[in-house]
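Heads up, the thing below is written out as structure tokens.
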Amino acid sequence: MLFPDGELYILGSDVTVQLDTAELSLIFQLPFGSHTRTFLQEVARACPGFNPETPDPEFLWLSRYRCTEQEPWQRGWNSASGTWPGCTRIGGGGSQSDNLRPDGKGLLVDQSFRGQDKPESLLTRQNKSKSEITDMVRSSTITVSDKAHILSMQKFGLRDTIVKLRLVQKEEDYTYIQNFRFFVGTYNVNGQSPKECLQPWLSHGIQAPDVYCVGFQELDLSKEAFFFHDTPKEEEWFKAVSESLHPDAKYAKVKLIRLVGIMLLLYVKQEHAAHISEVEAETVGTGIMGRMGNKGGVAIRFQFHNTSICIVNSHLAAHTEEYERRNQDYKDICSRMQFCQVDPSLPPLTISKHDVILWLGDLNYRIEELDVEKVKKLIEEKAFQTLYAYDQLKTQVAAKAVFEGFTEGKLTFQPTYKYDTGSDKWDTSEKCRAPAWCDRILWKGKNITQLSYQSHMALKTSDHKPVSSVFDIGVKVINEELYRKTLEEIVRSLDKMENANIPSVSLSKQEFFFQNVKYMQLQVESFTIQNGQVPCQFEFINKPDEKSYCKQWLNANPSRGFLLPDSAIEIELELFVNKTMATKLNSGEDKLEDILVLHLDRGKDYFLSVSGNYLPSCFGSPLHTLCYMREPILNLPLETIRQLTLMPLRTEDDGSQMEIPKELQMMVDYLYRKAIQQEDLFQQPGLRLEFEHIRDCLDTGTNDTLETLSASNHSIAEALLLFLESLPEPVICYSAYYNCLECSGNYTASKQVISTLPTFHKNVFHYLMVFLQELLKNSAKNHLDENILASIFGSLLLRNPAGHQKLETAEKKAQEFIRQFLYNSP
């Protein structure tokens with residue numbers, strides 16, 4: 001690897017070569033076909049002792065293909081603590097699972113990226129804060145007429161299921177609408193501590209609300225909050241809010257949820273606490289690989305009387321030109337935010353499955369097509385509606401790209417971003433950002449009246465101004481007498497129903513074939529269950545000696561349910577292959593073949609055949625296997641791929657394989673040449689469609705280079721991380737894991753451990769470290785530092801062996817191990 005002072009590091013060598021400026025210039029100007037020389041070639045050819053017999057890393061298979069002009073790829077890439085009322089879990093990261101799917105069905109990332117465990121200090125601090133909170137909502141009063149209680153009772157029989165459904169259908173017969181006042185506020189505090197009273201925002205000039213929903217963004221911008229999810233500012237702002245609530249009422253805290261700097265607080269008047277139930281909270285991080293919580297959303301859902309309400313606080317992607325990434329963040333939050341129900345047999349609730357949705361936050365949509373001075377002039381003239389015509393959120397909502405079905409009040413206040421901190425002056429920094437309505441509040445549902453929508457210029461702590469909105473929301477309240485009457489009628493009608501008949505259904509399809517399944521690309525097939533004359537309960541059941549009703553790569557949605565007479569339901573079969581299954585599918589050890597058993601309660605079983613063909617991928621293939629592949633993986637016969645994938649890991653290099661996988665080289669080389677100074681590299685997520693094109697390029701070789709894909713630097717950076725995460729044996733082999741942790745503070749011992757790795761693993765490790773060192777040399781432009789890179793790559797290169805208990809200090813030690821190689825010459 002070339003350095004500015006002319007020094008060069010050779011992979012797998014202790015040789016250091018001094019080259020003068022002319023030699024360096026000559027090296028970097030050498031042609032590579034019709035392309036710039038690759039990163040690995042710079043390393044290999046700059047060495048005077050270069051062995052001409054070493055396999056040339058040039059990809060001869062690429063020369064068979066011509067570059068074709070392509071349209072820019074479409075964009076679109078497609079949770080943490082839920083606790084019972086009174087068991088508030090402050091803070092915490094997102095929870096993610098291998099079995100979740102993208103595009104509305106779950107996550108794209110894998111289970112290895114779960115939220116970080118809390119340090120003991122944080123738990124101690126939380127326990128202390130809990131003891132100081134005397135007005136927390138701990139439970140709801142349960143009465144015979146409480147439908148929420150009825151719906152949450154477990155182990156329903158068929159009769160109880162019918163009662164439950166009939167009560168929902170006849171809800172209007174026993175409920176009436178009563179208005180309650182909601183205060184909704186959002187504030188991006190730019191990492192500041194509270195420096196002024198919040199009453200001008202939260203309680204001045206308004207009637208005491210029944211419910212407070214208060215959201216913050218950028219609560220803490222420190223690296224500690226970013227990587228370890230702990231921040232003292234949580235308590236500071238919680239206290240500041242609690243002390244600024246309306247003085248004419250006493251409030252109970254229902255819930256606090258936080259993801260890094262995104263925090264949401266929910267309070268209700270104390271007299272309403274008994275009517276709050278089914279409180280759940282979740283988080284979704286939309287940072288790179290879904291792991292980083294610097295952007296994303298937090299949400300609290302609850303039942304207020306007989307109305308379900310969901311409050312979402314989000315912080316979407318920044319920068320004027322990134323409106324499509326903001327759209328993607330919104331869709332990610334909607335698809336991945338799932339709340340557990342009291343009855344674990346019921347499917348999770350999504351945001352859309354609520355009667356009322358209130359969405360607040362720093363949505364980051366900007367003013368476009370106008371220069372800064374024109375924007376400021378329109379603001380000075382108070383021509384807000386003229387300016388609003390250029391608002392990105394307005395444009396994207398009109399195009400039905402985001403917030404479909406949501407409403408936003410009229411913007412009668414000036415943009416809330418960006419100001420000089422401590423003043424009302426527009427941004428005078430070097431970037432001089434254009435003013436924008438970044439901070440917004442929208443709603444969806446019936447019986448909602450907005451009474452006010454305003455900003456609060458009096459607060460000057462941040463470079464944003466807080467925003468508030470007051471609503472009257474009609475909530476369904478139960479009339480106990482009418483409820484009992486309705487219940488009695490339903491029970492009498494059931495008494496008359498004949499239940500002796502055996503339920504029977506018809507299926508629109510029982511055989512399913514998924515064509516050309518690719519790594520991390522969802523495929524969906526659907527069928528319909530049509531019920532006969534008898535109510536029935538259906539469920540996919542486990543086959544004998546199996547732990548699940550289906551293989552890991554398959555999911556039925558819904559997997560269970562209830563059908564009234566003559567009703568039908570559509571079932572989606574979702575097939576999604578991720579890193580936990582890819583290796584065995586590549587090798588042929590596993591196939592896309594399964595039989596699903598659909599069982600009717602008191603009825604017969606139906607058998608569904610599911611099969612498909614999987615296209616092998618470099619993602620999920622072992623390092624040494626890829627090193628032996630001279631061609632793209634999809635150009636090889638399946639038997640060859642099987643043999644190479646099942647090949648045991650060797651500790652010695654026999655000279656027949658490439659030094660590093662060509663696919664890894666292509667991604668690193670691209671980033672080295674094109675993205676070395678890219679701001680927020682490895683911290684901002686890519687786009688899903690772009691990842692799919694990158695994967696296809698690596699697997700098929702149908703494109704000359706990655707440069708022809710029109711993929712963003714962030715998408716290729718994330719593809720590199722996904723590639724490293726998908727390796728069945730990590731770069732630092734499992735056998736060396738504990739040795740690495742033990743010597744994380746000793747660089748000499750750490751180098752010794754790396755030297756014991758198999759040659760191809762050792763080469764890849766050094767190759768990546770040299771690349772990361774080059775990134776750090778450009779930290780002034782890309783804003784990366786040793787801590788960020790160590791955190792990102794520590795968990796990828798050093799993974800806890802499967803089935804082993806994770807040490808409490810493992811994460812920090814893994815980061816320290818990698819950090820040593822970032823500021824020391826290899």
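Going by the structure tokens order, chains are called A, B, ..., each with residues numbered from 1, while ligands are numbered from 1 in the order shown.
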Segment 241-368 of chain A: residues DSSP assigns to helix (DSSP H, G or I), reported as a PyMOL selection string:
chain A and resi 241-242+270-275+288-290+323-336
Let's have the selection written as a JSON list (two decimals), in the first residue's frame, with N, CA and C atoms.
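See result.json below for the written result:
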```json
[["chain", "number", "residue", "atom", "x", "y", "z"],
["A", 241, "VAL", "N", -38.25, 18.43, 30.82],
["A", 241, "VAL", "CA", -39.62, 18.31, 30.32],
["A", 241, "VAL", "C", -40.59, 18.18, 31.48],
["A", 242, "SER", "N", -40.28, 17.29, 32.42],
["A", 242, "SER", "CA", -41.18, 17.03, 33.54],
["A", 242, "SER", "C", -41.47, 18.30, 34.34],
["A", 270, "GLN", "N", -53.01, 12.40, 35.41],
["A", 270, "GLN", "CA", -53.06, 11.29, 36.36],
["A", 270, "GLN", "C", -54.41, 10.60, 36.38],
["A", 271, "GLU", "N", -55.50, 11.37, 36.15],
["A", 271, "GLU", "CA", -56.82, 10.75, 36.20],
["A", 271, "GLU", "C", -57.09, 9.85, 35.01],
["A", 272, "HIS", "N", -56.26, 9.95, 33.95],
["A", 272, "HIS", "CA", -56.45, 9.09, 32.78],
["A", 272, "HIS", "C", -55.62, 7.81, 32.85],
["A", 273, "ALA", "N", -54.75, 7.72, 33.83],
["A", 273, "ALA", "CA", -53.80, 6.60, 33.86],
["A", 273, "ALA", "C", -54.50, 5.24, 33.89],
["A", 274, "ALA", "N", -55.65, 5.18, 34.56],
["A", 274, "ALA", "CA", -56.36, 3.89, 34.68],
["A", 274, "ALA", "C", -56.90, 3.42, 33.34],
["A", 275, "HIS", "N", -56.97, 4.32, 32.36],
["A", 275, "HIS", "CA", -57.54, 3.95, 31.07],
["A", 275, "HIS", "C", -56.46, 3.77, 30.00],
["A", 288, "ILE", "N", -26.32, 2.61, 8.80],
["A", 288, "ILE", "CA", -25.77, 1.59, 7.91],
["A", 288, "ILE", "C", -26.01, 0.19, 8.46],
["A", 289, "MET", "N", -26.48, -0.71, 7.61],
["A", 289, "MET", "CA", -26.83, -2.09, 7.91],
["A", 289, "MET", "C", -27.92, -2.19, 8.97],
["A", 290, "GLY", "N", -28.66, -1.10, 9.18],
["A", 290, "GLY", "CA", -29.72, -1.12, 10.17],
["A", 290, "GLY", "C", -29.20, -1.14, 11.57],
["A", 323, "TYR", "N", -33.30, 13.33, -0.50],
["A", 323, "TYR", "CA", -34.72, 13.12, -0.20],
["A", 323, "TYR", "C", -35.14, 11.67, -0.42],
["A", 324, "GLU", "N", -34.52, 10.97, -1.39],
["A", 324, "GLU", "CA", -34.89, 9.57, -1.61],
["A", 324, "GLU", "C", -34.46, 8.70, -0.43],
["A", 325, "ARG", "N", -33.33, 9.06, 0.19],
["A", 325, "ARG", "CA", -32.90, 8.30, 1.37],
["A", 325, "ARG", "C", -33.83, 8.58, 2.54],
["A", 326, "ARG", "N", -34.36, 9.80, 2.63],
["A", 326, "ARG", "CA", -35.36, 10.08, 3.66],
["A", 326, "ARG", "C", -36.62, 9.25, 3.42],
["A", 327, "ASN", "N", -37.03, 9.18, 2.15],
["A", 327, "ASN", "CA", -38.18, 8.34, 1.82],
["A", 327, "ASN", "C", -37.94, 6.90, 2.24],
["A", 328, "GLN", "N", -36.71, 6.44, 2.00],
["A", 328, "GLN", "CA", -36.36, 5.06, 2.35],
["A", 328, "GLN", "C", -36.37, 4.86, 3.86],
["A", 329, "ASP", "N", -35.85, 5.82, 4.61],
["A", 329, "ASP", "CA", -35.86, 5.74, 6.07],
["A", 329, "ASP", "C", -37.30, 5.63, 6.58],
["A", 330, "TYR", "N", -38.19, 6.44, 6.02],
["A", 330, "TYR", "CA", -39.59, 6.40, 6.43],
["A", 330, "TYR", "C", -40.19, 5.01, 6.18],
["A", 331, "LYS", "N", -39.93, 4.47, 4.99],
["A", 331, "LYS", "CA", -40.48, 3.15, 4.66],
["A", 331, "LYS", "C", -39.88, 2.07, 5.55],
["A", 332, "ASP", "N", -38.58, 2.20, 5.87],
["A", 332, "ASP", "CA", -37.93, 1.25, 6.77],
["A", 332, "ASP", "C", -38.59, 1.26, 8.14],
["A", 333, "ILE", "N", -38.84, 2.44, 8.66],
["A", 333, "ILE", "CA", -39.45, 2.56, 9.98],
["A", 333, "ILE", "C", -40.85, 1.93, 9.95],
["A", 334, "CYS", "N", -41.61, 2.22, 8.91],
["A", 334, "CYS", "CA", -42.96, 1.66, 8.81],
["A", 334, "CYS", "C", -42.94, 0.14, 8.72],
["A", 335, "SER", "N", -41.99, -0.40, 7.97],
["A", 335, "SER", "CA", -41.99, -1.85, 7.75],
["A", 335, "SER", "C", -41.39, -2.61, 8.92],
["A", 336, "ARG", "N", -40.42, -2.02, 9.60],
["A", 336, "ARG", "CA", -39.70, -2.76, 10.63],
["A", 336, "ARG", "C", -40.21, -2.52, 12.04]]
```
So which residues touch Tyr823 of chain A within 12 Å, counting only C-alpha atoms, skipping near sequence neighbours fewer than 5 positions away, as a compact mmCIF listing (two decimals) with all heavy atoms, in the first residue's frame?
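around-v8.txt was written with the following content:
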```
# COMPACT_ATOMS: atom_id res chain seq x y z
N TYR A 747 0.12 -5.03 21.32
CA TYR A 747 0.20 -5.03 19.86
C TYR A 747 1.12 -6.14 19.35
O TYR A 747 0.82 -6.80 18.35
CB TYR A 747 0.67 -3.67 19.36
CG TYR A 747 0.77 -3.59 17.85
CD1 TYR A 747 -0.33 -3.86 17.05
CD2 TYR A 747 1.96 -3.26 17.23
CE1 TYR A 747 -0.26 -3.80 15.67
CE2 TYR A 747 2.05 -3.20 15.85
CZ TYR A 747 0.94 -3.47 15.08
OH TYR A 747 1.03 -3.40 13.71
N MET A 769 -6.71 -3.73 6.78
CA MET A 769 -6.10 -2.77 7.71
C MET A 769 -5.38 -1.65 6.95
O MET A 769 -5.45 -0.48 7.32
CB MET A 769 -5.13 -3.49 8.65
CG MET A 769 -5.79 -4.42 9.65
SD MET A 769 -7.04 -3.60 10.69
CE MET A 769 -8.55 -4.23 9.93
N VAL A 770 -4.68 -2.01 5.88
CA VAL A 770 -3.99 -0.99 5.08
C VAL A 770 -5.02 -0.03 4.47
O VAL A 770 -4.82 1.19 4.45
CB VAL A 770 -3.14 -1.65 3.98
CG1 VAL A 770 -2.57 -0.60 3.04
CG2 VAL A 770 -2.00 -2.44 4.61
N LEU A 772 -8.02 0.67 5.68
CA LEU A 772 -8.58 1.50 6.74
C LEU A 772 -7.60 2.58 7.17
O LEU A 772 -8.00 3.71 7.51
CB LEU A 772 -8.99 0.63 7.95
CG LEU A 772 -10.09 -0.40 7.69
CD1 LEU A 772 -10.45 -1.13 8.98
CD2 LEU A 772 -11.33 0.24 7.09
N GLN A 773 -6.31 2.27 7.17
CA GLN A 773 -5.32 3.29 7.48
C GLN A 773 -5.35 4.42 6.45
O GLN A 773 -5.20 5.60 6.79
CB GLN A 773 -3.92 2.67 7.56
CG GLN A 773 -3.70 1.81 8.80
CD GLN A 773 -2.31 1.19 8.83
OE1 GLN A 773 -1.58 1.26 7.85
NE2 GLN A 773 -1.97 0.60 9.96
N GLU A 774 -5.56 4.06 5.19
CA GLU A 774 -5.66 5.09 4.15
C GLU A 774 -6.90 5.96 4.37
O GLU A 774 -6.86 7.17 4.14
CB GLU A 774 -5.72 4.43 2.77
CG GLU A 774 -4.38 3.92 2.29
CD GLU A 774 -3.36 5.04 2.17
OE1 GLU A 774 -3.56 5.96 1.34
OE2 GLU A 774 -2.38 5.03 2.93
N LEU A 775 -7.99 5.35 4.82
CA LEU A 775 -9.18 6.12 5.12
C LEU A 775 -8.89 7.13 6.24
O LEU A 775 -9.33 8.28 6.17
CB LEU A 775 -10.32 5.19 5.56
CG LEU A 775 -11.00 4.37 4.46
CD1 LEU A 775 -12.02 3.42 5.08
CD2 LEU A 775 -11.69 5.26 3.44
N LEU A 776 -8.15 6.70 7.24
CA LEU A 776 -7.84 7.59 8.36
C LEU A 776 -6.97 8.76 7.94
O LEU A 776 -7.04 9.85 8.51
CB LEU A 776 -7.17 6.81 9.49
CG LEU A 776 -8.07 5.82 10.24
CD1 LEU A 776 -7.27 5.02 11.26
CD2 LEU A 776 -9.22 6.56 10.93
N LYS A 777 -6.13 8.55 6.93
CA LYS A 777 -5.31 9.66 6.43
C LYS A 777 -6.15 10.75 5.79
O LYS A 777 -5.68 11.87 5.62
CB LYS A 777 -4.28 9.13 5.43
CG LYS A 777 -3.21 8.25 6.07
CD LYS A 777 -2.25 7.72 5.02
CE LYS A 777 -1.23 6.78 5.66
NZ LYS A 777 -0.30 6.22 4.65
N ASP A 785 -12.79 8.23 12.16
CA ASP A 785 -11.68 8.16 13.11
C ASP A 785 -11.51 6.71 13.56
O ASP A 785 -12.27 5.82 13.17
CB ASP A 785 -11.88 9.10 14.31
CG ASP A 785 -13.13 8.77 15.14
OD1 ASP A 785 -13.54 7.59 15.16
OD2 ASP A 785 -13.68 9.68 15.76
N GLU A 786 -10.48 6.48 14.37
CA GLU A 786 -10.15 5.11 14.78
C GLU A 786 -11.29 4.45 15.53
O GLU A 786 -11.56 3.25 15.37
CB GLU A 786 -8.88 5.13 15.64
CG GLU A 786 -7.65 5.59 14.88
CD GLU A 786 -6.55 6.09 15.80
OE1 GLU A 786 -6.79 6.13 17.02
OE2 GLU A 786 -5.47 6.44 15.30
N ASN A 787 -11.99 5.23 16.37
CA ASN A 787 -13.07 4.64 17.18
C ASN A 787 -14.23 4.17 16.29
O ASN A 787 -14.80 3.10 16.50
CB ASN A 787 -13.57 5.66 18.20
CG ASN A 787 -12.54 5.94 19.27
OD1 ASN A 787 -11.80 5.06 19.67
ND2 ASN A 787 -12.48 7.19 19.72
N LEU A 789 -14.14 3.34 13.02
CA LEU A 789 -13.76 2.18 12.22
C LEU A 789 -13.59 0.93 13.08
O LEU A 789 -13.97 -0.17 12.66
CB LEU A 789 -12.47 2.48 11.46
CG LEU A 789 -12.59 3.53 10.34
CD1 LEU A 789 -11.23 3.78 9.69
CD2 LEU A 789 -13.59 3.08 9.28
N ALA A 790 -13.03 1.10 14.27
CA ALA A 790 -12.86 -0.06 15.16
C ALA A 790 -14.20 -0.62 15.58
O ALA A 790 -14.37 -1.84 15.70
CB ALA A 790 -12.03 0.33 16.38
N GLU A 816 -10.75 -2.65 20.58
CA GLU A 816 -9.37 -2.29 20.92
C GLU A 816 -8.38 -3.10 20.11
O GLU A 816 -7.34 -2.58 19.67
CB GLU A 816 -9.14 -2.52 22.42
CG GLU A 816 -7.70 -2.27 22.88
CD GLU A 816 -7.22 -0.86 22.56
OE1 GLU A 816 -8.05 0.07 22.54
OE2 GLU A 816 -6.00 -0.71 22.30
N PHE A 817 -8.70 -4.37 19.84
CA PHE A 817 -7.81 -5.20 19.03
C PHE A 817 -7.65 -4.61 17.64
O PHE A 817 -6.54 -4.49 17.12
CB PHE A 817 -8.37 -6.63 18.94
CG PHE A 817 -7.50 -7.58 18.17
CD1 PHE A 817 -6.47 -8.27 18.80
CD2 PHE A 817 -7.68 -7.78 16.81
CE1 PHE A 817 -5.65 -9.14 18.10
CE2 PHE A 817 -6.88 -8.64 16.09
CZ PHE A 817 -5.85 -9.32 16.74
N ILE A 818 -8.75 -4.24 17.01
CA ILE A 818 -8.69 -3.66 15.67
C ILE A 818 -8.03 -2.29 15.71
O ILE A 818 -7.24 -1.94 14.82
CB ILE A 818 -10.11 -3.56 15.06
CG1 ILE A 818 -10.74 -4.95 14.93
CG2 ILE A 818 -10.07 -2.86 13.71
CD1 ILE A 818 -9.96 -5.90 14.06
```
Please list as a list in words every residue within 8 Å of Lys460 of chain A, counting only C-alpha atoms and excluding residues in the same chain fewer than 5 positions away.
Thr421, Gly422, Ser423, Asp424 and Lys465 of chain A
Selected residues written out with C-alpha atoms, as a PDB file, in the first residue's frame:
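Everything below was put into again.pdb:
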```
ATOM      1  CA  THR A 421     -26.887  28.478  18.331  1.00  0.00           C
ATOM      2  CA  GLY A 422     -28.019  30.928  20.975  1.00  0.00           C
ATOM      3  CA  SER A 423     -29.651  33.329  18.532  1.00  0.00           C
ATOM      4  CA  ASP A 424     -32.359  33.860  15.933  1.00  0.00           C
ATOM      5  CA  LYS A 465     -36.398  25.708  16.889  1.00  0.00           C
TER       6      LYS A 465
END
```
Please provide as JSON, numbers by chain all residues within 8 Å of Leu741 of chain A, with the sequence filter that same-chain residues fewer than 5 positions apart are discarded (counting only C-alpha atoms).
{"A": [810, 813, 814, 817]}
Just want the 8 Å neighbourhood of Asp594 of chain A, counted on only C-alpha atoms, with same-chain residues fewer than 4 positions away dropped. Output as a PyMOL selection string.
chain A and resi 550-551+609-611
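Pairwise distance (atom CA of Gly794 of chain A, atom CA of Ser710 of chain A) equals 29.4 Å.
Note that the spacing between atom CA of Leu709 of chain A and atom CA of Leu768 of chain A amounts to 23.3 Å.
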May I have all residues of segment 296-455 of chain A that DSSP, computed from the backbone, assigns to strand (DSSP E or B), given as a ChimeraX atom specification?
/A:296-304,307-315,338-339,349-350,356-362,367,391,407-408,417,419,426,436,439-445,448-455
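Between atom CA of Val163 of chain A and atom CA of Ile490 of chain A the interatomic distance comes to 6.6 Å.
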Using only C-alpha atoms, which residue out of A:Leu721, A:Ile541, A:Phe576, A:Val534 lies closest to Leu563 of chain A?
A:Val534
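Shell of Leu600 of chain A at 10 Å, with only C-alpha atoms counted and residues fewer than 4 places along the chain excluded, is Ile502, Pro503, Ser504, Val505, Cys536, Gln537, Phe538, Glu539, Phe540, Ile541, Arg560, Gly561, Phe562, Lys604, Asp605 and Tyr606 of chain A.
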